[in-house]
>>> print(open('entry-v6.cif').read())   # mmCIF, C-alpha atoms
data_run
loop_
_atom_site.group_PDB
_atom_site.id
_atom_site.type_symbol
_atom_site.label_atom_id
_atom_site.label_comp_id
_atom_site.auth_asym_id
_atom_site.auth_seq_id
_atom_site.Cartn_x
_atom_site.Cartn_y
_atom_site.Cartn_z
ATOM 1 C CA MET A 1 131.106 133.436 327.590
ATOM 2 C CA LEU A 2 133.244 134.028 330.662
ATOM 3 C CA LEU A 3 136.989 133.357 330.488
ATOM 4 C CA ASP A 4 138.762 133.139 333.831
ATOM 5 C CA GLU A 5 140.580 130.365 335.729
ATOM 6 C CA GLU A 6 137.765 128.001 334.727
ATOM 7 C CA PRO A 7 136.318 129.054 331.345
ATOM 8 C CA ARG A 8 132.542 128.768 331.225
ATOM 9 C CA VAL A 9 129.923 129.181 328.561
ATOM 10 C CA ALA A 10 126.446 130.426 329.394
ATOM 11 C CA LEU A 11 123.699 129.524 326.931
ATOM 12 C CA GLY A 12 120.835 131.765 327.945
ATOM 13 C CA PRO A 13 120.419 131.521 331.726
ATOM 14 C CA ASP A 14 122.199 128.143 331.946
ATOM 15 C CA VAL A 15 125.908 127.482 332.346
ATOM 16 C CA VAL A 16 127.476 124.580 330.453
ATOM 17 C CA GLU A 17 129.079 122.149 332.896
ATOM 18 C CA PRO A 18 131.413 119.139 332.474
ATOM 19 C CA GLY A 19 129.542 116.095 331.223
ATOM 20 C CA ASP A 20 126.770 118.104 329.542
ATOM 21 C CA VAL A 21 125.520 117.196 326.075
ATOM 22 C CA ILE A 22 124.967 119.982 323.560
ATOM 23 C CA TRP A 23 122.994 119.307 320.394
ATOM 24 C CA ILE A 24 123.736 121.988 317.818
ATOM 25 C CA ARG A 25 120.580 121.655 315.722
ATOM 26 C CA ARG A 26 120.926 124.648 313.437
ATOM 27 C CA LEU A 27 123.086 127.582 314.377
ATOM 28 C CA GLU A 28 121.649 130.834 313.137
ATOM 29 C CA GLN A 29 123.564 134.067 312.811
ATOM 30 C CA ALA A 30 122.559 136.710 315.338
ATOM 31 C CA VAL A 31 120.170 139.496 314.416
ATOM 32 C CA GLY A 32 121.758 142.816 315.268
ATOM 33 C CA ASN A 33 120.215 145.561 317.328
ATOM 34 C CA PRO A 34 118.222 147.783 314.926
ATOM 35 C CA LYS A 35 119.339 150.853 316.853
ATOM 36 C CA VAL A 36 122.955 150.433 315.737
ATOM 37 C CA ASP A 37 124.048 153.431 313.707
ATOM 38 C CA GLU A 38 124.081 152.786 309.966
ATOM 39 C CA ALA A 39 127.790 153.544 309.773
ATOM 40 C CA ASP A 40 128.494 150.882 312.421
ATOM 41 C CA LYS A 41 126.214 148.082 311.146
ATOM 42 C CA LYS A 42 128.870 146.313 309.065
ATOM 43 C CA PHE A 43 131.293 146.335 311.995
ATOM 44 C CA ALA A 44 128.602 145.029 314.383
ATOM 45 C CA GLU A 45 127.655 142.243 311.950
ATOM 46 C CA MET A 46 131.295 141.140 311.686
ATOM 47 C CA GLU A 47 131.583 141.153 315.476
ATOM 48 C CA TYR A 48 128.483 138.987 315.812
ATOM 49 C CA ARG A 49 129.781 136.529 313.217
ATOM 50 C CA SER A 50 133.134 136.295 314.979
ATOM 51 C CA PHE A 51 131.448 135.860 318.366
ATOM 52 C CA HIS A 52 129.168 133.174 316.898
ATOM 53 C CA ASP A 53 132.191 131.190 315.655
ATOM 54 C CA ALA A 54 134.106 131.815 318.890
ATOM 55 C CA VAL A 55 131.355 130.196 320.968
ATOM 56 C CA ALA A 56 130.763 127.310 318.541
ATOM 57 C CA TYR A 57 134.442 126.368 318.304
ATOM 58 C CA PHE A 58 135.083 126.999 322.014
ATOM 59 C CA LEU A 59 132.522 124.331 322.933
ATOM 60 C CA GLU A 60 134.846 121.754 321.361
ATOM 61 C CA THR A 61 137.552 122.574 323.890
ATOM 62 C CA LEU A 62 135.322 121.927 326.909
ATOM 63 C CA PRO A 63 134.750 118.564 328.639
ATOM 64 C CA VAL A 64 131.289 118.277 327.078
ATOM 65 C CA ARG A 65 129.779 116.174 324.302
ATOM 66 C CA VAL A 66 128.835 118.237 321.251
ATOM 67 C CA ILE A 67 126.574 116.808 318.542
ATOM 68 C CA ASN A 68 127.911 117.612 316.002
ATOM 69 C CA ARG A 69 131.175 119.481 316.520
ATOM 70 C CA PHE A 70 131.122 122.776 314.663
ATOM 71 C CA SER A 71 134.419 122.078 312.893
ATOM 72 C CA ALA A 72 133.052 118.792 311.533
ATOM 73 C CA SER A 73 129.788 120.458 310.565
ATOM 74 C CA ARG A 74 131.538 123.249 308.667
ATOM 75 C CA LEU A 75 133.630 120.743 306.737
ATOM 76 C CA ILE A 76 131.007 118.152 305.861
ATOM 77 C CA LYS A 77 128.398 120.588 304.561
ATOM 78 C CA ASN A 78 130.474 120.783 301.370
ATOM 79 C CA LYS A 79 129.173 118.343 298.741
ATOM 80 C CA SER A 80 132.622 117.694 297.292
ATOM 81 C CA VAL A 81 133.969 116.738 300.729
ATOM 82 C CA GLN A 82 131.011 114.411 301.313
ATOM 83 C CA LEU A 83 131.621 112.522 298.088
ATOM 84 C CA GLN A 84 135.359 112.262 298.705
ATOM 85 C CA PHE A 85 134.853 110.895 302.236
ATOM 86 C CA ALA A 86 132.206 108.455 300.977
ATOM 87 C CA ARG A 87 134.446 107.127 298.200
ATOM 88 C CA SER A 88 137.447 106.775 300.503
ATOM 89 C CA CYS A 89 135.298 104.802 302.966
ATOM 90 C CA GLY A 90 134.198 102.263 300.369
ATOM 91 C CA LEU A 91 130.756 103.644 299.536
ATOM 92 C CA ARG A 92 129.625 103.819 295.908
ATOM 93 C CA ILE A 93 129.257 107.335 294.517
ATOM 94 C CA PRO A 94 127.958 108.432 291.098
ATOM 95 C CA ARG A 95 130.357 110.205 288.733
ATOM 96 C CA ALA A 96 129.882 113.947 289.269
ATOM 97 C CA LEU A 97 130.894 117.396 288.034
ATOM 98 C CA MET A 98 130.543 120.631 290.011
ATOM 99 C CA SER A 99 130.951 123.564 287.669
ATOM 100 C CA ASN A 100 129.625 126.664 285.909
ATOM 101 C CA SER A 101 131.880 126.138 282.879
ATOM 102 C CA PRO A 102 129.805 125.673 279.694
ATOM 103 C CA ARG A 103 132.595 123.667 278.052
ATOM 104 C CA GLY A 104 133.052 121.436 281.114
ATOM 105 C CA ILE A 105 129.327 120.806 281.489
ATOM 106 C CA LYS A 106 128.873 119.949 277.810
ATOM 107 C CA ASP A 107 131.875 117.653 277.886
ATOM 108 C CA PHE A 108 130.515 115.863 280.963
ATOM 109 C CA LEU A 109 127.149 115.237 279.313
ATOM 110 C CA ASP A 110 128.782 114.169 276.049
ATOM 111 C CA HIS A 111 131.033 111.589 277.716
ATOM 112 C CA ASN A 112 128.694 110.318 280.430
ATOM 113 C CA GLY A 113 127.479 106.987 279.131
ATOM 114 C CA ASN A 114 124.439 107.031 281.422
ATOM 115 C CA ARG A 115 121.633 109.476 282.034
ATOM 116 C CA THR A 116 122.492 112.700 283.880
ATOM 117 C CA ILE A 117 120.806 114.624 286.645
ATOM 118 C CA CYS A 118 121.332 118.184 287.840
ATOM 119 C CA LYS A 119 120.879 119.510 291.363
ATOM 120 C CA SER A 120 121.738 122.561 293.412
ATOM 121 C CA PHE A 121 124.296 122.865 296.184
ATOM 122 C CA THR A 122 121.672 124.232 298.591
ATOM 123 C CA PRO A 123 117.853 124.132 298.673
ATOM 124 C CA HIS A 124 116.083 127.353 297.798
ATOM 125 C CA LEU A 125 112.520 128.609 297.462
ATOM 126 C CA TRP A 126 111.182 131.432 295.314
ATOM 127 C CA GLN A 127 107.843 133.023 296.200
ATOM 128 C CA PRO A 128 106.892 135.972 293.972
ATOM 129 C CA GLN A 129 105.150 138.772 295.826
ATOM 130 C CA SER A 130 102.503 139.059 293.115
ATOM 131 C CA ALA A 131 101.719 135.336 292.842
ATOM 132 C CA SER A 132 100.455 132.633 295.167
ATOM 133 C CA GLY A 133 102.635 129.815 293.827
ATOM 134 C CA VAL A 134 106.173 128.917 294.835
ATOM 135 C CA ALA A 135 109.145 127.422 293.042
ATOM 136 C CA VAL A 136 111.645 125.177 294.810
ATOM 137 C CA THR A 137 114.951 123.614 293.832
ATOM 138 C CA GLU A 138 114.627 119.948 292.945
ATOM 139 C CA THR A 139 116.810 117.304 291.380
ATOM 140 C CA PHE A 140 115.908 116.831 287.697
ATOM 141 C CA GLU A 141 117.110 114.831 284.708
ATOM 142 C CA LEU A 142 119.060 116.816 282.127
ATOM 143 C CA THR A 143 119.977 115.987 278.538
ATOM 144 C CA ARG A 144 122.486 117.677 276.229
ATOM 145 C CA ASP A 145 119.803 119.314 274.071
ATOM 146 C CA GLN A 146 118.071 120.773 277.143
ATOM 147 C CA LEU A 147 121.051 122.890 278.132
ATOM 148 C CA PRO A 148 120.426 126.650 278.101
ATOM 149 C CA GLY A 149 122.798 129.115 276.474
ATOM 150 C CA ASP A 150 126.411 129.264 277.611
ATOM 151 C CA GLU A 151 125.933 132.540 279.469
ATOM 152 C CA VAL A 152 123.032 131.116 281.493
ATOM 153 C CA LEU A 153 125.225 128.192 282.575
ATOM 154 C CA THR A 154 127.675 130.691 284.078
ATOM 155 C CA TYR A 155 125.024 132.415 286.204
ATOM 156 C CA ALA A 156 125.395 129.856 289.005
ATOM 157 C CA PRO A 157 127.384 126.628 289.440
ATOM 158 C CA GLY A 158 125.511 123.367 289.685
ATOM 159 C CA ILE A 159 126.070 119.694 290.423
ATOM 160 C CA TYR A 160 125.873 117.456 287.352
ATOM 161 C CA GLN A 161 125.827 113.785 288.231
ATOM 162 C CA GLU A 162 125.465 110.375 286.692
ATOM 163 C CA MET A 163 121.878 109.281 287.255
ATOM 164 C CA VAL A 164 121.259 106.150 289.323
ATOM 165 C CA VAL A 165 118.288 104.317 287.819
ATOM 166 C CA LYS A 166 116.782 103.228 291.081
ATOM 167 C CA GLN A 167 114.297 100.808 292.558
ATOM 168 C CA PHE A 168 113.736 103.082 295.538
ATOM 169 C CA ASP A 169 115.419 105.568 297.858
ATOM 170 C CA ILE A 170 116.959 104.979 301.269
ATOM 171 C CA ARG A 171 117.197 107.365 304.197
ATOM 172 C CA THR A 172 119.784 106.185 306.710
ATOM 173 C CA VAL A 173 120.190 107.757 310.157
ATOM 174 C CA PHE A 174 123.364 107.087 312.106
ATOM 175 C CA MET A 175 123.791 107.800 315.813
ATOM 176 C CA GLY A 176 127.320 107.124 316.954
ATOM 177 C CA GLU A 177 128.045 103.709 315.456
ATOM 178 C CA ARG A 178 124.398 102.654 315.318
ATOM 179 C CA VAL A 179 122.965 102.682 311.788
ATOM 180 C CA TYR A 180 119.251 102.615 310.874
ATOM 181 C CA SER A 181 117.959 102.445 307.300
ATOM 182 C CA TYR A 182 114.512 103.059 305.830
ATOM 183 C CA ALA A 183 113.239 102.459 302.305
ATOM 184 C CA LEU A 184 111.273 105.354 300.825
ATOM 185 C CA ARG A 185 108.790 104.358 298.151
ATOM 186 C CA ASN A 186 106.514 106.731 296.262
ATOM 187 C CA PRO A 187 103.794 105.695 293.810
ATOM 188 C CA LEU A 188 105.183 107.802 290.941
ATOM 189 C CA ASN A 189 108.787 106.697 291.555
ATOM 190 C CA ALA A 190 109.793 110.358 291.383
ATOM 191 C CA LEU A 191 113.432 111.294 290.899
ATOM 192 C CA ASP A 192 113.251 113.593 293.939
ATOM 193 C CA TRP A 193 111.079 112.070 296.681
ATOM 194 C CA ARG A 194 110.961 115.194 298.882
ATOM 195 C CA SER A 195 107.948 116.753 297.176
ATOM 196 C CA ASP A 196 106.002 113.511 297.520
ATOM 197 C CA ALA A 197 106.982 113.320 301.171
ATOM 198 C CA GLY A 198 105.630 116.827 301.712
ATOM 199 C CA LEU A 199 102.325 115.678 300.219
ATOM 200 C CA GLY A 200 102.304 112.477 302.278
ATOM 201 C CA ASN A 201 102.722 110.301 299.194
ATOM 202 C CA ILE A 202 105.490 107.982 300.335
ATOM 203 C CA GLU A 203 105.730 104.780 302.314
ATOM 204 C CA VAL A 204 108.561 104.348 304.812
ATOM 205 C CA GLU A 205 109.715 100.799 305.555
ATOM 206 C CA ILE A 206 112.385 99.576 307.986
ATOM 207 C CA VAL A 207 115.078 97.687 306.031
ATOM 208 C CA PRO A 208 118.403 96.073 306.994
ATOM 209 C CA THR A 209 121.588 97.888 306.054
ATOM 210 C CA PRO A 210 123.977 95.719 303.983
ATOM 211 C CA SER A 211 127.047 94.913 306.070
ATOM 212 C CA ASP A 212 129.494 96.522 303.634
ATOM 213 C CA VAL A 213 127.407 99.707 303.514
ATOM 214 C CA GLU A 214 127.157 99.820 307.304
ATOM 215 C CA ARG A 215 130.927 99.488 307.607
ATOM 216 C CA GLY A 216 131.317 102.314 305.107
ATOM 217 C CA ILE A 217 128.901 104.548 307.030
ATOM 218 C CA VAL A 218 130.699 103.957 310.335
ATOM 219 C CA ALA A 219 134.035 104.709 308.657
ATOM 220 C CA PHE A 220 132.492 107.809 307.067
ATOM 221 C CA ALA A 221 131.306 109.066 310.467
ATOM 222 C CA ARG A 222 134.737 108.505 312.005
ATOM 223 C CA SER A 223 136.590 110.160 309.122
ATOM 224 C CA SER A 224 134.313 113.189 308.986
ATOM 225 C CA GLY A 225 134.080 113.624 312.761
ATOM 226 C CA LEU A 226 130.280 113.347 312.736
ATOM 227 C CA SER A 227 128.444 111.491 315.479
ATOM 228 C CA PHE A 228 124.941 112.002 314.051
ATOM 229 C CA GLY A 229 123.479 112.543 310.605
ATOM 230 C CA SER A 230 121.110 111.480 307.845
ATOM 231 C CA ILE A 231 122.375 109.938 304.601
ATOM 232 C CA ASP A 232 120.469 109.551 301.342
ATOM 233 C CA PHE A 233 121.137 106.496 299.172
ATOM 234 C CA ALA A 234 119.632 105.306 295.911
ATOM 235 C CA VAL A 235 119.244 101.548 295.390
ATOM 236 C CA ASP A 236 119.730 100.534 291.743
ATOM 237 C CA MET A 237 118.104 97.668 289.847
ATOM 238 C CA HIS A 238 120.881 95.308 290.956
ATOM 239 C CA GLY A 239 120.424 96.130 294.639
ATOM 240 C CA ASN A 240 123.546 98.296 294.918
ATOM 241 C CA TRP A 241 123.416 101.234 297.352
ATOM 242 C CA TRP A 242 124.725 104.542 295.962
ATOM 243 C CA PHE A 243 125.690 107.358 298.322
ATOM 244 C CA LEU A 244 124.045 110.652 297.336
ATOM 245 C CA GLU A 245 124.592 113.049 300.242
ATOM 246 C CA VAL A 246 124.625 113.488 304.013
ATOM 247 C CA ASN A 247 122.810 116.113 306.051
ATOM 248 C CA GLU A 248 124.150 116.249 309.590
ATOM 249 C CA ARG A 249 121.378 118.683 310.573
ATOM 250 C CA GLY A 250 118.613 117.044 308.561
ATOM 251 C CA GLN A 251 115.109 116.572 309.864
ATOM 252 C CA PHE A 252 114.305 113.037 310.965
ATOM 253 C CA LEU A 253 111.121 113.007 313.067
ATOM 254 C CA TRP A 254 109.042 112.855 309.879
ATOM 255 C CA LEU A 255 110.058 109.190 309.673
ATOM 256 C CA ASP A 256 107.983 108.509 312.793
ATOM 257 C CA GLN A 257 105.054 110.360 311.246
ATOM 258 C CA PHE A 258 105.048 107.972 308.293
ATOM 259 C CA ASN A 259 105.858 104.843 310.322
ATOM 260 C CA PRO A 260 105.471 104.945 314.141
ATOM 261 C CA GLU A 261 107.230 101.566 314.396
ATOM 262 C CA ILE A 262 110.526 103.266 313.591
ATOM 263 C CA LYS A 263 110.681 105.040 316.995
ATOM 264 C CA ILE A 264 113.346 107.446 315.781
ATOM 265 C CA GLN A 265 112.491 110.013 318.454
ATOM 266 C CA GLU A 266 112.984 107.486 321.247
ATOM 267 C CA LYS A 267 116.255 106.271 319.729
ATOM 268 C CA PHE A 268 117.579 109.801 319.349
ATOM 269 C CA CYS A 269 116.712 110.667 322.956
ATOM 270 C CA ALA A 270 118.496 107.488 324.091
ATOM 271 C CA PHE A 271 121.521 108.475 322.014
ATOM 272 C CA LEU A 272 121.518 112.070 323.246
ATOM 273 C CA THR A 273 121.439 111.074 326.915
ATOM 274 C CA ALA A 274 123.944 108.202 326.737
ATOM 275 C CA PRO A 275 127.530 108.659 327.939
ATOM 276 C CA GLU A 276 129.973 109.370 325.117
ATOM 277 C CA GLY A 277 131.346 106.130 323.715
ATOM 278 C CA SER A 278 128.597 104.039 325.320
ATOM 279 C CA THR A 279 128.215 100.585 323.742
ATOM 280 C CA GLN A 280 124.735 100.003 325.148
ATOM 281 C CA LEU A 281 122.136 99.402 322.452
ATOM 282 C CA LEU A 282 119.822 102.357 321.987
ATOM 283 C CA GLU A 283 116.901 99.945 321.803
ATOM 284 C CA GLU A 284 117.570 99.002 325.437
ATOM 285 C CA ARG A 285 116.893 102.576 326.570
ATOM 286 C CA GLU A 286 114.439 103.898 323.997
ATOM 287 C CA GLY A 287 111.532 102.842 326.232
ATOM 288 C CA LEU A 288 112.495 105.575 328.706
ATOM 289 C CA PHE A 289 111.197 108.226 326.326
ATOM 290 C CA PRO A 290 107.798 109.091 324.831
ATOM 291 C CA SER A 291 107.007 108.424 321.202
ATOM 292 C CA LEU A 292 106.437 111.295 318.801
ATOM 293 C CA GLY A 293 102.721 110.543 318.874
ATOM 294 C CA GLU A 294 102.616 110.633 322.685
ATOM 295 C CA TYR A 295 104.642 113.846 322.791
ATOM 296 C CA THR A 296 102.411 115.509 320.180
ATOM 297 C CA LYS A 297 99.261 114.490 322.041
ATOM 298 C CA THR A 298 100.614 115.906 325.312
ATOM 299 C CA CYS A 299 101.499 119.191 323.637
ATOM 300 C CA GLU A 300 98.048 119.443 322.079
ATOM 301 C CA GLU A 301 96.359 118.794 325.416
ATOM 302 C CA GLN A 302 98.510 121.429 327.105
ATOM 303 C CA ASN A 303 97.688 123.938 324.395
ATOM 304 C CA VAL A 304 93.968 123.294 324.838
ATOM 305 C CA LYS A 305 94.297 123.805 328.592
ATOM 306 C CA GLN A 306 96.700 126.705 328.010
ATOM 307 C CA GLU A 307 99.128 125.120 330.408
ATOM 308 C CA SER A 308 102.924 125.228 330.255
ATOM 309 C CA PRO A 309 104.851 122.007 330.941
ATOM 310 C CA ASP A 310 106.543 121.849 334.335
ATOM 311 C CA ILE A 311 110.146 121.481 333.160
ATOM 312 C CA ALA A 312 111.572 121.288 336.687
ATOM 313 C CA ALA A 313 109.223 118.473 337.673
ATOM 314 C CA ALA A 314 109.855 116.626 334.419
ATOM 315 C CA THR A 315 113.607 116.861 334.899
ATOM 316 C CA ALA A 316 113.433 115.656 338.499
ATOM 317 C CA SER A 317 111.351 112.638 337.547
ATOM 318 C CA SER A 318 113.284 111.674 334.391
ATOM 319 C CA PRO A 319 114.484 108.085 334.908
ATOM 320 C CA TYR A 320 117.666 108.477 332.872
ATOM 321 C CA MET A 321 118.924 111.444 334.913
ATOM 322 C CA SER A 322 120.058 109.263 337.796
ATOM 323 C CA GLN A 323 120.780 106.014 335.991
ATOM 324 C CA GLU A 324 123.523 107.167 333.679
ATOM 325 C CA PRO A 325 127.093 107.008 335.096
#
>>> encode(input="entry-v6.cif", output="structure tokens")
Amino acid sequence: MLLDEEPRVALGPDVVEPGDVIWIRRLEQAVGNPKVDEADKKFAEMEYRSFHDAVAYFLETLPVRVINRFSASRLIKNKSVQLQFARSCGLRIPRALMSNSPRGIKDFLDHNGNRTICKSFTPHLWQPQSASGVAVTETFELTRDQLPGDEVLTYAPGIYQEMVVKQFDIRTVFMGERVYSYALRNPLNALDWRSDAGLGNIEVEIVPTPSDVERGIVAFARSSGLSFGSIDFAVDMHGNWWFLEVNERGQFLWLDQFNPEIKIQEKFCAFLTAPEGSTQLLEEREGLFPSLGEYTKTCEEQNVKQESPDIAAATASSPYMSQEP
């Protein structure tokens, strides 16, 4: 990052210029040089963390479009903030407790008139070195008599939430003010559909977003500062949509793998290359980009031929490069 009369940021060999679009997929902390002296490692790690934040926040001050802004990303990753924004924007949220207090948890389960679920703040995977199996965090139903001892409850905080008895799940992807919703159905009607998705045991169907929910999502995006993200809803037996959580860095191309008619890759490329604030429908430009299936096939053919794609030629021939104002 060079600071002079005209501050510039270099990402690898490229310099960020006015009008550029930067998609911050998942920022990872830097890995330090292993040759750093042991006594200096803590200092070097702190310097890398500070430099990481300096670059991420500095991008927001430049005349570029950042998806999503780091400040918005840092704020919205907190589950409590998500639920508060959702409620203030008119979306339904289940009653919830975030705690490691045995008394608070017991009181919540005692006074919650409906069934209760428990889930973690972040996903995690355990893989013992001496075993071939793995254990992953999942959402599960919890009753009062299933609670472990008080001390165990204090080991780590959890999210205890009123359970939505659902017909099916919804994954909604918003891009700017465009909202796309997809019903996720699995044969076992599992509480947590992610494991079934990993096994290929779900069906993904395009569904309309209720107008009041769409208004709430757009308001949520504006309030949180997000321009792109994936939201999980549960649809109850009365057809009500309940906000569960948002992941502004969540994976989304898997939707195309289950249902190629969704064309989420094409829509995202149209969104990424559109001018900021553009009102043009993404569907009007999605045809400029290859589908996930076409892209995958091209990559496989190139791997077989051991060829590298000609990025310069592809950039020069891209139709959207010269058509966008």
>>> resolve_selection(input="entry-v6.cif", expression="the PyMOL selection byres ((chain A and resi 204) around 7)", output="number ranges by chain")
A: 182-185, 202-203, 205-206, 258-259
>>> resolve_selection(input="entry-v6.cif", expression="the PyMOL selection byres ((chain A and resi 65-78) around 6)", output="ChimeraX atom specification")
/A:21-24,56,64,79-82,225-226
>>> closest_atom_pairs(input="entry-v6.cif", of="segment 124-213 of chain A", to="segment 103-112 of chain A", cutoff="10 Å", atoms="all atoms listed in the file", output="JSON lines")
{"residue": "A:Leu142", "atom": "CA", "partner": "A:Leu109", "partner_atom": "CA", "distance": 8.7}
{"residue": "A:Thr143", "atom": "CA", "partner": "A:Leu109", "partner_atom": "CA", "distance": 7.3}
{"residue": "A:Arg144", "atom": "CA", "partner": "A:Leu109", "partner_atom": "CA", "distance": 6.1}
{"residue": "A:Asp145", "atom": "CA", "partner": "A:Lys106", "partner_atom": "CA", "distance": 9.8}
{"residue": "A:Leu147", "atom": "CA", "partner": "A:Lys106", "partner_atom": "CA", "distance": 8.4}
{"residue": "A:Asp150", "atom": "CA", "partner": "A:Arg103", "partner_atom": "CA", "distance": 8.4}
{"residue": "A:Leu153", "atom": "CA", "partner": "A:Ile105", "partner_atom": "CA", "distance": 8.5}
{"residue": "A:Gly158", "atom": "CA", "partner": "A:Ile105", "partner_atom": "CA", "distance": 9.4}
{"residue": "A:Ile159", "atom": "CA", "partner": "A:Ile105", "partner_atom": "CA", "distance": 9.6}
{"residue": "A:Tyr160", "atom": "CA", "partner": "A:Ile105", "partner_atom": "CA", "distance": 7.6}
{"residue": "A:Gln161", "atom": "CA", "partner": "A:Phe108", "partner_atom": "CA", "distance": 8.9}
{"residue": "A:Glu162", "atom": "CA", "partner": "A:Asn112", "partner_atom": "CA", "distance": 7.0}
{"residue": "A:Met163", "atom": "CA", "partner": "A:Asn112", "partner_atom": "CA", "distance": 9.7}
>>> atom_distance(input="entry-v6.cif", atom1="atom CA of Asn186 of chain A", atom2="atom CA of Gly200 of chain A")
9.3 Å
>>> atom_distance(input="entry-v6.cif", atom1="atom CA of Thr154 of chain A", atom2="atom CA of Ser101 of chain A")
6.3 Å
